[in-house]
Amino acid sequence: MPEIETKDYKDGYKKFSSRAKRYAEVPDKTKGLLKKATLKADKNKSSLSDIWEKFQLLIEFQVNLRNLKT
């Protein structure tokens, strides 16, 4: 496995860190991302469906909990 250069790591971190901050600041963007991920995962569902359903419940719970706090 090739090693990751420090510069590449830092550049990648900056890119995704700023993207994560934008999602954290805009709840509607976060909901959209979760919806998109859910739809994509539903299309690719396999024998792990039981685990996936529990994971979806966890996501829904977290979204609902976040909505209660706001």
# chains A, B, ... in the order shown; residues from 1 in each chain; ligands from 1
>>> residues_around(residues="segment 30-36 of chain A", least_positions_apart="3", cutoff="10 Å", atoms="only C-alpha atoms", output="count of residues only")
15
>>> atom_distance(atom1="atom CA of Lys43 of chain A", atom2="atom CA of Leu57 of chain A")
17.3 Å
>>> atom_distance(atom1="atom CA of Phe61 of chain A", atom2="atom CA of Lys14 of chain A")
29.5 Å
>>> atom_distance(atom1="atom CA of Thr38 of chain A", atom2="atom CA of Gln62 of chain A")
14.2 Å
>>> decode(residues="chain A", atoms="C-alpha atoms", output="tab-separated table (two decimals), in the first residue's frame")
chain	number	residue	atom	x	y	z
A	1	MET	CA	0.00	0.00	0.00
A	2	PRO	CA	1.50	3.37	-0.97
A	3	GLU	CA	2.17	5.89	1.75
A	4	ILE	CA	0.21	9.13	1.81
A	5	GLU	CA	2.38	12.19	1.46
A	6	THR	CA	1.99	14.71	4.29
A	7	LYS	CA	1.06	17.48	1.84
A	8	ASP	CA	-1.65	15.32	0.25
A	9	TYR	CA	-3.02	14.48	3.67
A	10	LYS	CA	-3.13	18.12	4.73
A	11	ASP	CA	-4.75	19.21	1.45
A	12	GLY	CA	-7.38	16.49	1.74
A	13	TYR	CA	-8.05	17.35	5.36
A	14	LYS	CA	-8.55	21.03	4.53
A	15	LYS	CA	-10.89	20.19	1.67
A	16	PHE	CA	-13.12	17.83	3.63
A	17	SER	CA	-12.89	19.73	6.90
A	18	SER	CA	-14.29	22.87	5.31
A	19	ARG	CA	-16.99	20.83	3.58
A	20	ALA	CA	-17.94	19.22	6.91
A	21	LYS	CA	-18.15	22.63	8.58
A	22	ARG	CA	-20.54	23.85	5.87
A	23	TYR	CA	-22.78	20.83	6.40
A	24	ALA	CA	-22.72	21.38	10.18
A	25	GLU	CA	-23.75	25.02	9.78
A	26	VAL	CA	-26.68	24.34	7.42
A	27	PRO	CA	-29.03	21.61	8.70
A	28	ASP	CA	-30.99	21.49	5.43
A	29	LYS	CA	-27.78	20.68	3.58
A	30	THR	CA	-27.09	17.90	6.07
A	31	LYS	CA	-30.58	16.47	5.62
A	32	GLY	CA	-30.11	16.57	1.85
A	33	LEU	CA	-26.81	14.74	2.12
A	34	LEU	CA	-28.35	12.08	4.37
A	35	LYS	CA	-31.28	11.64	2.00
A	36	LYS	CA	-28.94	11.27	-0.97
A	37	ALA	CA	-26.80	8.75	0.92
A	38	THR	CA	-29.87	6.80	2.00
A	39	LEU	CA	-31.22	6.59	-1.54
A	40	LYS	CA	-27.83	5.48	-2.85
A	41	ALA	CA	-27.47	2.86	-0.14
A	42	ASP	CA	-30.99	1.57	-0.75
A	43	LYS	CA	-30.08	0.94	-4.37
A	44	ASN	CA	-27.00	-1.01	-3.30
A	45	LYS	CA	-28.59	-3.01	-0.50
A	46	SER	CA	-27.40	-6.58	-0.15
A	47	SER	CA	-27.47	-9.32	2.46
A	48	LEU	CA	-26.69	-6.75	5.14
A	49	SER	CA	-30.24	-5.41	5.05
A	50	ASP	CA	-30.91	-6.02	8.75
A	51	ILE	CA	-27.85	-3.99	9.74
A	52	TRP	CA	-28.76	-1.30	7.21
A	53	GLU	CA	-32.28	-0.93	8.65
A	54	LYS	CA	-30.86	-0.49	12.14
A	55	PHE	CA	-28.39	2.06	10.82
A	56	GLN	CA	-31.22	3.99	9.15
A	57	LEU	CA	-33.14	4.01	12.42
A	58	LEU	CA	-30.07	5.42	14.14
A	59	ILE	CA	-29.78	8.19	11.54
A	60	GLU	CA	-33.47	9.03	11.84
A	61	PHE	CA	-33.16	9.12	15.61
A	62	GLN	CA	-30.19	11.49	15.43
A	63	VAL	CA	-31.97	13.80	12.96
A	64	ASN	CA	-35.08	13.86	15.15
A	65	LEU	CA	-33.00	14.52	18.25
A	66	ARG	CA	-31.23	17.38	16.47
A	67	ASN	CA	-34.59	18.83	15.42
A	68	LEU	CA	-35.82	18.74	19.02
A	69	LYS	CA	-32.79	20.74	20.13
A	70	THR	CA	-33.36	23.49	17.53
